[in-house]
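Structure data (PDB, C-alpha atoms, pLDDT in the B column) from work33.pdb:
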ATOM      1  CA  MET A 153     -13.016  16.296 102.191  1.00 49.00           C
ATOM      2  CA  PRO A 154     -16.543  15.777 103.547  1.00 52.00           C
ATOM      3  CA  THR A 155     -16.722  15.487 107.325  1.00 74.00           C
ATOM      4  CA  ASP A 156     -20.288  14.341 107.979  1.00 92.00           C
ATOM      5  CA  ARG A 157     -21.367  10.746 107.447  1.00 93.00           C
ATOM      6  CA  LEU A 158     -23.972  11.453 104.758  1.00 95.00           C
ATOM      7  CA  SER A 159     -21.480  13.525 102.718  1.00 97.00           C
ATOM      8  CA  SER A 160     -18.885  10.709 102.988  1.00 96.00           C
ATOM      9  CA  THR A 161     -21.500   8.199 101.814  1.00 97.00           C
ATOM     10  CA  PHE A 162     -22.531  10.269  98.776  1.00 97.00           C
ATOM     11  CA  ALA A 163     -18.866  11.022  97.935  1.00 97.00           C
ATOM     12  CA  ALA A 164     -18.051   7.289  98.057  1.00 97.00           C
ATOM     13  CA  LEU A 165     -21.007   6.522  95.771  1.00 97.00           C
ATOM     14  CA  ALA A 166     -19.847   9.140  93.223  1.00 97.00           C
ATOM     15  CA  ASP A 167     -17.692   6.619  91.348  1.00 96.00           C
ATOM     16  CA  PRO A 168     -18.853   3.874  88.937  1.00 95.00           C
ATOM     17  CA  THR A 169     -16.141   1.399  90.054  1.00 94.00           C
ATOM     18  CA  ARG A 170     -17.076   1.783  93.724  1.00 96.00           C
ATOM     19  CA  ARG A 171     -20.759   1.308  92.862  1.00 96.00           C
ATOM     20  CA  ALA A 172     -19.819  -1.840  90.881  1.00 94.00           C
ATOM     21  CA  ILE A 173     -17.854  -3.142  93.905  1.00 94.00           C
ATOM     22  CA  LEU A 174     -20.945  -2.598  96.103  1.00 95.00           C
ATOM     23  CA  ALA A 175     -23.126  -4.401  93.532  1.00 94.00           C
ATOM     24  CA  ARG A 176     -20.749  -7.386  93.701  1.00 93.00           C
ATOM     25  CA  LEU A 177     -20.690  -7.328  97.535  1.00 94.00           C
ATOM     26  CA  ALA A 178     -24.498  -7.179  97.670  1.00 92.00           C
ATOM     27  CA  LEU A 179     -24.364 -10.808  96.418  1.00 91.00           C
ATOM     28  CA  GLY A 180     -22.172 -11.878  99.359  1.00 91.00           C
ATOM     29  CA  GLU A 181     -18.823 -11.250 101.047  1.00 91.00           C
ATOM     30  CA  THR A 182     -15.653 -11.880  99.054  1.00 90.00           C
ATOM     31  CA  SER A 183     -11.872 -11.324  99.114  1.00 89.00           C
ATOM     32  CA  VAL A 184     -10.055  -8.322  97.611  1.00 87.00           C
ATOM     33  CA  LEU A 185      -8.395 -10.687  95.114  1.00 86.00           C
ATOM     34  CA  LYS A 186     -11.728 -11.965  93.806  1.00 88.00           C
ATOM     35  CA  LEU A 187     -13.165  -8.441  93.780  1.00 88.00           C
ATOM     36  CA  ALA A 188     -10.296  -7.191  91.603  1.00 88.00           C
ATOM     37  CA  GLN A 189     -10.682  -9.900  88.903  1.00 88.00           C
ATOM     38  CA  PRO A 190     -13.679  -8.586  86.876  1.00 86.00           C
ATOM     39  CA  PHE A 191     -12.452  -4.967  87.014  1.00 83.00           C
ATOM     40  CA  ASP A 192      -9.101  -5.507  85.263  1.00 82.00           C
ATOM     41  CA  MET A 193      -7.521  -3.231  87.883  1.00 85.00           C
ATOM     42  CA  SER A 194      -4.370  -3.507  89.972  1.00 88.00           C
ATOM     43  CA  LEU A 195      -4.758  -4.658  93.582  1.00 88.00           C
ATOM     44  CA  PRO A 196      -3.556  -1.279  94.960  1.00 90.00           C
ATOM     45  CA  ALA A 197      -6.188   0.530  92.848  1.00 91.00           C
ATOM     46  CA  VAL A 198      -8.950  -1.745  94.162  1.00 92.00           C
ATOM     47  CA  SER A 199      -7.601  -1.365  97.715  1.00 92.00           C
ATOM     48  CA  LYS A 200      -7.820   2.418  97.388  1.00 94.00           C
ATOM     49  CA  HIS A 201     -11.498   2.204  96.406  1.00 96.00           C
ATOM     50  CA  LEU A 202     -12.160  -0.213  99.270  1.00 95.00           C
ATOM     51  CA  LYS A 203     -10.577   2.224 101.734  1.00 95.00           C
ATOM     52  CA  VAL A 204     -12.960   4.987 100.571  1.00 96.00           C
ATOM     53  CA  LEU A 205     -15.928   2.624 100.925  1.00 96.00           C
ATOM     54  CA  GLU A 206     -14.724   1.457 104.358  1.00 95.00           C
ATOM     55  CA  ARG A 207     -14.214   5.025 105.651  1.00 95.00           C
ATOM     56  CA  ALA A 208     -17.748   5.906 104.494  1.00 95.00           C
ATOM     57  CA  GLY A 209     -19.046   2.898 106.462  1.00 94.00           C
ATOM     58  CA  LEU A 210     -20.361   1.233 103.296  1.00 96.00           C
ATOM     59  CA  ILE A 211     -18.265  -1.927 103.755  1.00 96.00           C
ATOM     60  CA  THR A 212     -16.531  -3.714 106.622  1.00 93.00           C
ATOM     61  CA  ARG A 213     -13.382  -5.814 106.441  1.00 90.00           C
ATOM     62  CA  THR A 214     -12.429  -8.661 108.764  1.00 81.00           C
ATOM     63  CA  ARG A 215      -9.126  -7.782 110.445  1.00 74.00           C
ATOM     64  CA  GLU A 216      -8.199 -11.290 111.598  1.00 68.00           C
ATOM     65  CA  ALA A 217      -8.439 -13.540 108.534  1.00 65.00           C
ATOM     66  CA  GLN A 218      -5.551 -13.495 106.043  1.00 70.00           C
ATOM     67  CA  MET A 219      -7.971 -13.078 103.122  1.00 73.00           C
ATOM     68  CA  ARG A 220      -9.643 -10.079 104.840  1.00 79.00           C
ATOM     69  CA  PRO A 221     -13.025 -10.660 103.161  1.00 89.00           C
ATOM     70  CA  CYS A 222     -15.128  -7.547 102.427  1.00 92.00           C
ATOM     71  CA  ARG A 223     -18.768  -7.302 103.359  1.00 93.00           C
ATOM     72  CA  ILE A 224     -21.362  -4.673 102.457  1.00 93.00           C
ATOM     73  CA  ASP A 225     -22.797  -2.688 105.403  1.00 92.00           C
ATOM     74  CA  ALA A 226     -26.341  -1.541 104.616  1.00 90.00           C
ATOM     75  CA  ARG A 227     -26.621   1.117 107.340  1.00 90.00           C
ATOM     76  CA  ALA A 228     -24.935   3.993 105.460  1.00 93.00           C
ATOM     77  CA  LEU A 229     -26.943   3.148 102.313  1.00 94.00           C
ATOM     78  CA  LYS A 230     -30.119   3.191 104.409  1.00 93.00           C
ATOM     79  CA  GLU A 231     -29.269   6.699 105.672  1.00 93.00           C
ATOM     80  CA  ALA A 232     -28.753   7.923 102.091  1.00 95.00           C
ATOM     81  CA  ASP A 233     -32.054   6.304 101.127  1.00 94.00           C
ATOM     82  CA  GLU A 234     -33.812   8.023 104.031  1.00 93.00           C
ATOM     83  CA  TRP A 235     -32.429  11.395 102.928  1.00 95.00           C
ATOM     84  CA  LEU A 236     -33.745  10.820  99.378  1.00 94.00           C
ATOM     85  CA  GLU A 237     -37.113   9.673 100.733  1.00 92.00           C
ATOM     86  CA  GLU A 238     -37.876  13.288 101.726  1.00 89.00           C
ATOM     87  CA  TYR A 239     -37.693  14.245  98.045  1.00 92.00           C
ATOM     88  CA  ARG A 240     -39.692  11.304  96.711  1.00 89.00           C
ATOM     89  CA  ARG A 241     -42.919  13.340  96.958  1.00 83.00           C
ATOM     90  CA  LEU A 242     -41.442  15.770  94.370  1.00 83.00           C
ATOM     91  CA  TRP A 243     -41.593  13.274  91.486  1.00 82.00           C
ATOM     92  CA  GLU A 244     -44.585  11.431  92.907  1.00 82.00           C
ATOM     93  CA  GLU A 245     -46.573  14.713  92.934  1.00 76.00           C
ATOM     94  CA  ARG A 246     -45.364  15.399  89.396  1.00 69.00           C
ATOM     95  CA  LEU A 247     -46.642  11.986  88.268  1.00 68.00           C
ATOM     96  CA  ASP A 248     -49.954  12.606  90.097  1.00 74.00           C
ATOM     97  CA  ARG A 249     -50.367  15.937  88.308  1.00 75.00           C
ATOM     98  CA  LEU A 250     -49.605  14.262  84.949  1.00 71.00           C
ATOM     99  CA  GLU A 251     -52.186  11.571  85.711  1.00 75.00           C
ATOM    100  CA  ASP A 252     -54.801  14.204  86.644  1.00 80.00           C
ATOM    101  CA  TYR A 253     -54.080  16.041  83.404  1.00 78.00           C
ATOM    102  CA  LEU A 254     -54.469  12.846  81.335  1.00 80.00           C
ATOM    103  CA  THR A 255     -57.781  12.016  83.073  1.00 84.00           C
ATOM    104  CA  THR A 256     -59.096  15.533  82.317  1.00 84.00           C
ATOM    105  CA  LEU A 257     -57.914  15.207  78.703  1.00 82.00           C
ATOM    106  CA  GLN A 258     -59.622  11.821  78.240  1.00 85.00           C
ATOM    107  CA  ALA A 259     -62.867  13.137  79.787  1.00 86.00           C
ATOM    108  CA  ALA A 260     -62.807  16.148  77.437  1.00 86.00           C
ATOM    109  CA  GLN A 261     -62.234  13.869  74.411  1.00 85.00           C
ATOM    110  CA  LYS A 262     -65.171  11.627  75.411  1.00 86.00           C
ATOM    111  CA  GLN A 263     -67.419  14.670  75.871  1.00 86.00           C
ATOM    112  CA  SER A 264     -66.394  16.059  72.474  1.00 86.00           C
ATOM    113  CA  LYS A 265     -67.088  12.643  70.803  1.00 85.00           C
ATOM    114  CA  ARG A 266     -70.529  12.447  72.454  1.00 85.00           C
ATOM    115  CA  GLU A 267     -71.395  15.932  71.262  1.00 86.00           C
ATOM    116  CA  LYS A 268     -70.227  15.097  67.722  1.00 83.00           C
ATOM    117  CA  ASN A 269     -72.374  11.896  67.628  1.00 82.00           C
ATOM    118  CA  HIS A 270     -75.343  13.785  69.029  1.00 78.00           C
ATOM    119  CA  GLY A 271     -74.977  16.431  66.288  1.00 73.00           C
ATOM    120  CA  ARG A 272     -74.852  13.697  63.595  1.00 69.00           C
ATOM    121  CA  LYS A 273     -78.027  12.030  64.919  1.00 65.00           C
ATOM    122  CA  LYS A 274     -79.799  15.383  64.810  1.00 62.00           C
ATOM    123  CA  GLN A 275     -78.837  15.834  61.120  1.00 61.00           C
ATOM    124  CA  HIS A 276     -80.241  12.356  60.178  1.00 58.00           C
ATOM    125  CA  ARG A 277     -83.652  13.123  61.671  1.00 54.00           C
ATOM    126  CA  PRO A 278     -86.358  13.323  58.981  1.00 49.00           C
TER     127      PRO A 278
ATOM    128  CA  MET B 154     -14.229  14.623  88.038  1.00 50.00           C
ATOM    129  CA  PRO B 155     -17.101  12.183  87.587  1.00 52.00           C
ATOM    130  CA  THR B 156     -18.262  11.777  83.998  1.00 74.00           C
ATOM    131  CA  ASP B 157     -21.493   9.781  84.302  1.00 92.00           C
ATOM    132  CA  ARG B 158     -24.747  11.368  85.439  1.00 93.00           C
ATOM    133  CA  LEU B 159     -25.224   9.210  88.559  1.00 95.00           C
ATOM    134  CA  SER B 160     -21.661   9.972  89.746  1.00 97.00           C
ATOM    135  CA  SER B 161     -22.237  13.720  89.197  1.00 96.00           C
ATOM    136  CA  THR B 162     -25.463  13.513  91.201  1.00 97.00           C
ATOM    137  CA  PHE B 163     -23.854  11.705  94.146  1.00 97.00           C
ATOM    138  CA  ALA B 164     -20.824  14.069  94.053  1.00 97.00           C
ATOM    139  CA  ALA B 165     -23.161  17.099  94.142  1.00 97.00           C
ATOM    140  CA  LEU B 166     -25.047  15.603  97.107  1.00 97.00           C
ATOM    141  CA  ALA B 167     -21.779  15.048  99.040  1.00 97.00           C
ATOM    142  CA  ASP B 168     -21.922  18.501 100.630  1.00 96.00           C
ATOM    143  CA  PRO B 169     -24.157  19.679 103.518  1.00 95.00           C
ATOM    144  CA  THR B 170     -24.590  23.217 102.071  1.00 94.00           C
ATOM    145  CA  ARG B 171     -25.698  21.865  98.696  1.00 96.00           C
ATOM    146  CA  ARG B 172     -28.146  19.488 100.413  1.00 96.00           C
ATOM    147  CA  ALA B 173     -29.489  22.453 102.452  1.00 94.00           C
ATOM    148  CA  ILE B 174     -29.936  24.460  99.223  1.00 94.00           C
ATOM    149  CA  LEU B 175     -31.930  21.553  97.743  1.00 95.00           C
ATOM    150  CA  ALA B 176     -34.048  21.345 100.920  1.00 94.00           C
ATOM    151  CA  ARG B 177     -34.883  25.055 100.516  1.00 93.00           C
ATOM    152  CA  LEU B 178     -35.669  24.658  96.807  1.00 94.00           C
ATOM    153  CA  ALA B 179     -37.936  21.679  97.519  1.00 92.00           C
ATOM    154  CA  LEU B 180     -40.310  24.267  99.088  1.00 91.00           C
ATOM    155  CA  GLY B 181     -40.425  26.313  95.872  1.00 91.00           C
ATOM    156  CA  GLU B 182     -38.265  28.232  93.390  1.00 91.00           C
ATOM    157  CA  THR B 183     -36.324  31.233  94.658  1.00 90.00           C
ATOM    158  CA  SER B 184     -33.623  33.729  93.691  1.00 89.00           C
ATOM    159  CA  VAL B 185     -29.881  33.303  94.408  1.00 87.00           C
ATOM    160  CA  LEU B 186     -30.085  36.358  96.694  1.00 86.00           C
ATOM    161  CA  LYS B 187     -32.795  34.816  98.861  1.00 88.00           C
ATOM    162  CA  LEU B 188     -31.017  31.451  98.837  1.00 88.00           C
ATOM    163  CA  ALA B 189     -27.807  33.017 100.159  1.00 88.00           C
ATOM    164  CA  GLN B 190     -29.463  34.764 103.158  1.00 88.00           C
ATOM    165  CA  PRO B 191     -29.862  31.867 105.656  1.00 85.00           C
ATOM    166  CA  PHE B 192     -26.401  30.453 104.851  1.00 82.00           C
ATOM    167  CA  ASP B 193     -24.374  33.516 105.812  1.00 82.00           C
ATOM    168  CA  MET B 194     -22.266  32.946 102.685  1.00 85.00           C
ATOM    169  CA  SER B 195     -21.019  35.295  99.988  1.00 87.00           C
ATOM    170  CA  LEU B 196     -22.938  35.342  96.715  1.00 88.00           C
ATOM    171  CA  PRO B 197     -19.960  33.927  94.735  1.00 90.00           C
ATOM    172  CA  ALA B 198     -19.738  30.998  97.204  1.00 91.00           C
ATOM    173  CA  VAL B 199     -23.458  30.234  96.788  1.00 92.00           C
ATOM    174  CA  SER B 200     -23.151  30.632  93.007  1.00 92.00           C
ATOM    175  CA  LYS B 201     -20.352  28.052  92.976  1.00 94.00           C
ATOM    176  CA  HIS B 202     -22.551  25.514  94.787  1.00 95.00           C
ATOM    177  CA  LEU B 203     -25.444  26.286  92.422  1.00 95.00           C
ATOM    178  CA  LYS B 204     -23.186  25.643  89.421  1.00 95.00           C
ATOM    179  CA  VAL B 205     -22.318  22.169  90.791  1.00 96.00           C
ATOM    180  CA  LEU B 206     -26.019  21.428  91.382  1.00 96.00           C
ATOM    181  CA  GLU B 207     -26.916  22.723  87.907  1.00 95.00           C
ATOM    182  CA  ARG B 208     -24.210  20.669  86.161  1.00 94.00           C
ATOM    183  CA  ALA B 209     -25.480  17.551  87.981  1.00 95.00           C
ATOM    184  CA  GLY B 210     -28.996  18.313  86.690  1.00 94.00           C
ATOM    185  CA  LEU B 211     -30.340  18.741  90.235  1.00 96.00           C
ATOM    186  CA  ILE B 212     -31.527  22.318  89.648  1.00 96.00           C
ATOM    187  CA  THR B 213     -32.450  24.480  86.668  1.00 93.00           C
ATOM    188  CA  ARG B 214     -32.064  28.238  86.346  1.00 90.00           C
ATOM    189  CA  THR B 215     -34.145  30.534  84.169  1.00 81.00           C
ATOM    190  CA  ARG B 216     -31.822  32.283  81.705  1.00 74.00           C
ATOM    191  CA  GLU B 217     -34.183  35.119  80.762  1.00 68.00           C
ATOM    192  CA  ALA B 218     -35.339  36.750  83.999  1.00 65.00           C
ATOM    193  CA  GLN B 219     -32.966  39.154  85.742  1.00 70.00           C
ATOM    194  CA  MET B 220     -33.464  37.370  89.088  1.00 73.00           C
ATOM    195  CA  ARG B 221     -32.618  34.006  87.485  1.00 79.00           C
ATOM    196  CA  PRO B 222     -34.739  32.003  89.951  1.00 89.00           C
ATOM    197  CA  CYS B 223     -33.516  28.484  90.814  1.00 92.00           C
ATOM    198  CA  ARG B 224     -35.798  25.479  90.716  1.00 93.00           C
ATOM    199  CA  ILE B 225     -35.209  21.899  91.901  1.00 93.00           C
ATOM    200  CA  ASP B 226     -35.274  19.224  89.176  1.00 92.00           C
ATOM    201  CA  ALA B 227     -36.427  15.906  90.618  1.00 90.00           C
ATOM    202  CA  ARG B 228     -35.222  13.662  87.775  1.00 90.00           C
ATOM    203  CA  ALA B 229     -31.596  13.272  88.897  1.00 92.00           C
ATOM    204  CA  LEU B 230     -32.740  12.628  92.489  1.00 94.00           C
ATOM    205  CA  LYS B 231     -35.148   9.995  91.179  1.00 93.00           C
ATOM    206  CA  GLU B 232     -32.276   8.209  89.391  1.00 93.00           C
ATOM    207  CA  ALA B 233     -30.212   8.196  92.612  1.00 95.00           C
ATOM    208  CA  ASP B 234     -33.265   6.861  94.468  1.00 94.00           C
ATOM    209  CA  GLU B 235     -33.708   4.102  91.878  1.00 93.00           C
ATOM    210  CA  TRP B 236     -30.062   3.071  92.271  1.00 94.00           C
ATOM    211  CA  LEU B 237     -30.505   2.821  96.067  1.00 94.00           C
ATOM    212  CA  GLU B 238     -33.756   0.892  95.647  1.00 92.00           C
ATOM    213  CA  GLU B 239     -31.724  -2.126  94.474  1.00 89.00           C
ATOM    214  CA  TYR B 240     -30.061  -2.220  97.893  1.00 92.00           C
ATOM    215  CA  ARG B 241     -33.219  -1.654  99.953  1.00 89.00           C
ATOM    216  CA  ARG B 242     -33.729  -5.420 100.259  1.00 83.00           C
ATOM    217  CA  LEU B 243     -30.396  -5.629 102.148  1.00 83.00           C
ATOM    218  CA  TRP B 244     -31.691  -3.805 105.239  1.00 82.00           C
ATOM    219  CA  GLU B 245     -35.260  -5.004 104.789  1.00 82.00           C
ATOM    220  CA  GLU B 246     -33.996  -8.615 104.878  1.00 76.00           C
ATOM    221  CA  ARG B 247     -31.903  -7.747 107.928  1.00 69.00           C
ATOM    222  CA  LEU B 248     -34.977  -6.364 109.702  1.00 68.00           C
ATOM    223  CA  ASP B 249     -36.969  -9.474 108.711  1.00 74.00           C
ATOM    224  CA  ARG B 250     -34.257 -11.733 110.155  1.00 75.00           C
ATOM    225  CA  LEU B 251     -34.223  -9.659 113.372  1.00 72.00           C
ATOM    226  CA  GLU B 252     -38.010  -9.966 113.607  1.00 76.00           C
ATOM    227  CA  ASP B 253     -37.826 -13.752 113.083  1.00 80.00           C
ATOM    228  CA  TYR B 254     -35.179 -13.985 115.790  1.00 78.00           C
ATOM    229  CA  LEU B 255     -37.312 -11.972 118.263  1.00 80.00           C
ATOM    230  CA  THR B 256     -40.355 -14.182 117.553  1.00 84.00           C
ATOM    231  CA  THR B 257     -38.271 -17.328 118.205  1.00 85.00           C
ATOM    232  CA  LEU B 258     -36.879 -15.761 121.392  1.00 82.00           C
ATOM    233  CA  GLN B 259     -40.355 -14.854 122.690  1.00 85.00           C
ATOM    234  CA  ALA B 260     -41.688 -18.357 121.906  1.00 85.00           C
ATOM    235  CA  ALA B 261     -38.742 -19.920 123.768  1.00 86.00           C
ATOM    236  CA  GLN B 262     -39.357 -17.659 126.799  1.00 85.00           C
ATOM    237  CA  LYS B 263     -43.071 -18.583 126.901  1.00 86.00           C
ATOM    238  CA  GLN B 264     -42.189 -22.302 126.666  1.00 85.00           C
ATOM    239  CA  SER B 265     -39.630 -21.960 129.493  1.00 86.00           C
ATOM    240  CA  LYS B 266     -42.202 -20.116 131.683  1.00 85.00           C
ATOM    241  CA  ARG B 267     -44.803 -22.833 131.022  1.00 86.00           C
ATOM    242  CA  GLU B 268     -42.341 -25.557 131.983  1.00 86.00           C
ATOM    243  CA  LYS B 269     -41.371 -23.664 135.167  1.00 83.00           C
ATOM    244  CA  ASN B 270     -45.043 -23.259 136.226  1.00 83.00           C
ATOM    245  CA  HIS B 271     -45.681 -26.928 135.432  1.00 79.00           C
ATOM    246  CA  GLY B 272     -42.714 -27.939 137.639  1.00 73.00           C
ATOM    247  CA  ARG B 273     -44.006 -25.756 140.527  1.00 69.00           C
ATOM    248  CA  LYS B 274     -47.475 -27.332 140.338  1.00 65.00           C
ATOM    249  CA  LYS B 275     -45.868 -30.792 140.532  1.00 61.00           C
ATOM    250  CA  GLN B 276     -43.968 -29.787 143.717  1.00 61.00           C
ATOM    251  CA  HIS B 277     -47.189 -28.575 145.422  1.00 58.00           C
ATOM    252  CA  ARG B 278     -48.946 -31.877 144.842  1.00 54.00           C
ATOM    253  CA  PRO B 279     -49.625 -33.713 148.163  1.00 49.00           C
TER     254      PRO B 279
END
Please rewrite the model in this file as structure tokens.
Amino acid sequence: MPTDRLSSTFAALADPTRRAILARLALGETSVLKLAQPFDMSLPAVSKHLKVLERAGLITRTREAQMRPCRIDARALKEADEWLEEYRRLWEERLDRLEDYLTTLQAAQKQSKREKNHGRKKQHRP
Amino acid sequence: MPTDRLSSTFAALADPTRRAILARLALGETSVLKLAQPFDMSLPAVSKHLKVLERAGLITRTREAQMRPCRIDARALKEADEWLEEYRRLWEERLDRLEDYLTTLQAAQKQSKREKNHGRKKQHRP
């Protein structure tokens, strides 16, 4: 079992059903009953997923109301996003290098075309 | 065990040692031996973590060389980042609302100050 917050967040996100629940909650708060409908799952199964999400701080549940509506909490997602941000330069640099390579390739092709045309003109000279 | 790629990625990231290994590999490729040093872990323990990272597509290992250097693979991280991007508006909207609220608060304070000063001037009139 992960003990730190970031590990709990990533562990909670490592399940397609839990990610689908978060996608639904991103549209607005709703009850467990309504959440369960599109998933064709039993209420206890949905409740189990919600508990994992709640423990990871990804959702909050109102204690007072009988319907106990669930609401997404963006803070834990923001922390995960901030962790990934540190690695964003890895693929951005890769894309930059690819772009540089393509620019060099295009320049070389243009140069080669120019030289070819120049050679042709020379041949046509009387 | 998660079966989809995104679930495998998040599951692999749900461990502080594996995240530390990725942080080290983000600086450049290195051997398992060198990776193990700062962690004060046995080689089999590090190898186990590397296997999880490799299965999730977060690192690649050269099969040929005897040192089998490990290298970070940014693609899986990029997919996780893209998933989180969909939720970025949640906290950005929250920050926008907070900013709007602070602007309203400041405007109300200025108005109240103006009215107070105006009232004082009235009192001083002969």
At most 6 Å to chain A: residues in chain B, all atoms listed in the file, as a PyMOL selection string: chain B and resi 160+163-164+167-168+227+244
Hits of the PyMOL selection byres ((chain B and resi 191-196) around 12) in this structure, as a list of chain:residue names: B:Pro169, B:Thr170, B:Arg171, B:Arg172, B:Ala173, B:Ile174, B:Arg177, B:Ser184, B:Val185, B:Leu186, B:Lys187, B:Leu188, B:Ala189, B:Gln190, B:Pro197, B:Ala198, B:Val199, B:Ser200, B:Lys201, B:His202, B:Leu203
Store the residues of this selection in a file with C-alpha atoms, as a PDB file, in the frame of the given file.
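Listing of result-v2.pdb after writing:
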ATOM      1  CA  PRO B 169     -24.157  19.679 103.518  1.00 95.00           C
ATOM      2  CA  THR B 170     -24.590  23.217 102.071  1.00 94.00           C
ATOM      3  CA  ARG B 171     -25.698  21.865  98.696  1.00 96.00           C
ATOM      4  CA  ARG B 172     -28.146  19.488 100.413  1.00 96.00           C
ATOM      5  CA  ALA B 173     -29.489  22.453 102.452  1.00 94.00           C
ATOM      6  CA  ILE B 174     -29.936  24.460  99.223  1.00 94.00           C
ATOM      7  CA  ARG B 177     -34.883  25.055 100.516  1.00 93.00           C
ATOM      8  CA  SER B 184     -33.623  33.729  93.691  1.00 89.00           C
ATOM      9  CA  VAL B 185     -29.881  33.303  94.408  1.00 87.00           C
ATOM     10  CA  LEU B 186     -30.085  36.358  96.694  1.00 86.00           C
ATOM     11  CA  LYS B 187     -32.795  34.816  98.861  1.00 88.00           C
ATOM     12  CA  LEU B 188     -31.017  31.451  98.837  1.00 88.00           C
ATOM     13  CA  ALA B 189     -27.807  33.017 100.159  1.00 88.00           C
ATOM     14  CA  GLN B 190     -29.463  34.764 103.158  1.00 88.00           C
ATOM     15  CA  PRO B 197     -19.960  33.927  94.735  1.00 90.00           C
ATOM     16  CA  ALA B 198     -19.738  30.998  97.204  1.00 91.00           C
ATOM     17  CA  VAL B 199     -23.458  30.234  96.788  1.00 92.00           C
ATOM     18  CA  SER B 200     -23.151  30.632  93.007  1.00 92.00           C
ATOM     19  CA  LYS B 201     -20.352  28.052  92.976  1.00 94.00           C
ATOM     20  CA  HIS B 202     -22.551  25.514  94.787  1.00 95.00           C
ATOM     21  CA  LEU B 203     -25.444  26.286  92.422  1.00 95.00           C
TER      22      LEU B 203
END
One-decimal distance in Å that lies between atom CA of B:Leu255 and atom CA of A:Glu231: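 Atom-to-atom, atom CA of A:Glu231 to atom CA of B:Leu255, that is 23.9 Å.
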Å distance separating atom CA of A:Cys222 from atom CA of A:Glu206, one decimal place: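 Those two atoms sit 9.2 Å apart.
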Two-atom distance - atom CA of B:Glu182, atom CA of B:Arg214 (Å):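 One can read the atom CA of B:Glu182 to atom CA of B:Arg214 distance as 9.4 Å.
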As a PDB file, keeping the file's coordinate frame, the rebuilt stretch 155-166 of chain A with N, CA, C and O atoms:
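out_27.pdb, written as the output of this step:
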ATOM      1  N   THR A 155     -16.941  15.903 105.937  1.00 74.00           N
ATOM      2  CA  THR A 155     -16.722  15.487 107.325  1.00 74.00           C
ATOM      3  C   THR A 155     -17.913  14.735 107.907  1.00 74.00           C
ATOM      4  O   THR A 155     -17.741  13.912 108.785  1.00 74.00           O
ATOM      5  N   ASP A 156     -19.130  15.052 107.430  1.00 92.00           N
ATOM      6  CA  ASP A 156     -20.288  14.341 107.979  1.00 92.00           C
ATOM      7  C   ASP A 156     -20.511  13.019 107.253  1.00 92.00           C
ATOM      8  O   ASP A 156     -20.106  12.851 106.101  1.00 92.00           O
ATOM      9  N   ARG A 157     -21.171  12.104 107.950  1.00 93.00           N
ATOM     10  CA  ARG A 157     -21.367  10.746 107.447  1.00 93.00           C
ATOM     11  C   ARG A 157     -22.094  10.696 106.107  1.00 93.00           C
ATOM     12  O   ARG A 157     -21.677   9.983 105.194  1.00 93.00           O
ATOM     13  N   LEU A 158     -23.177  11.482 105.991  1.00 95.00           N
ATOM     14  CA  LEU A 158     -23.972  11.453 104.758  1.00 95.00           C
ATOM     15  C   LEU A 158     -23.153  11.954 103.563  1.00 95.00           C
ATOM     16  O   LEU A 158     -23.221  11.390 102.469  1.00 95.00           O
ATOM     17  N   SER A 159     -22.335  13.006 103.793  1.00 97.00           N
ATOM     18  CA  SER A 159     -21.480  13.525 102.718  1.00 97.00           C
ATOM     19  C   SER A 159     -20.451  12.471 102.310  1.00 97.00           C
ATOM     20  O   SER A 159     -20.188  12.289 101.118  1.00 97.00           O
ATOM     21  N   SER A 160     -19.861  11.769 103.296  1.00 96.00           N
ATOM     22  CA  SER A 160     -18.885  10.709 102.988  1.00 96.00           C
ATOM     23  C   SER A 160     -19.545   9.608 102.173  1.00 96.00           C
ATOM     24  O   SER A 160     -18.947   9.072 101.231  1.00 96.00           O
ATOM     25  N   THR A 161     -20.783   9.258 102.537  1.00 97.00           N
ATOM     26  CA  THR A 161     -21.500   8.199 101.814  1.00 97.00           C
ATOM     27  C   THR A 161     -21.718   8.604 100.364  1.00 97.00           C
ATOM     28  O   THR A 161     -21.365   7.866  99.442  1.00 97.00           O
ATOM     29  N   PHE A 162     -22.267   9.817 100.149  1.00 97.00           N
ATOM     30  CA  PHE A 162     -22.531  10.269  98.776  1.00 97.00           C
ATOM     31  C   PHE A 162     -21.232  10.397  97.977  1.00 97.00           C
ATOM     32  O   PHE A 162     -21.190  10.042  96.799  1.00 97.00           O
ATOM     33  N   ALA A 163     -20.153  10.890  98.633  1.00 97.00           N
ATOM     34  CA  ALA A 163     -18.866  11.022  97.935  1.00 97.00           C
ATOM     35  C   ALA A 163     -18.345   9.641  97.509  1.00 97.00           C
ATOM     36  O   ALA A 163     -17.825   9.478  96.405  1.00 97.00           O
ATOM     37  N   ALA A 164     -18.515   8.651  98.381  1.00 97.00           N
ATOM     38  CA  ALA A 164     -18.051   7.289  98.057  1.00 97.00           C
ATOM     39  C   ALA A 164     -18.860   6.688  96.915  1.00 97.00           C
ATOM     40  O   ALA A 164     -18.343   5.913  96.110  1.00 97.00           O
ATOM     41  N   LEU A 165     -20.140   7.070  96.828  1.00 97.00           N
ATOM     42  CA  LEU A 165     -21.007   6.522  95.771  1.00 97.00           C
ATOM     43  C   LEU A 165     -20.795   7.226  94.427  1.00 97.00           C
ATOM     44  O   LEU A 165     -21.296   6.758  93.402  1.00 97.00           O
ATOM     45  N   ALA A 166     -20.046   8.343  94.441  1.00 97.00           N
ATOM     46  CA  ALA A 166     -19.847   9.140  93.223  1.00 97.00           C
ATOM     47  C   ALA A 166     -18.756   8.570  92.332  1.00 97.00           C
ATOM     48  O   ALA A 166     -17.956   9.315  91.760  1.00 97.00           O
TER      49      ALA A 166
END
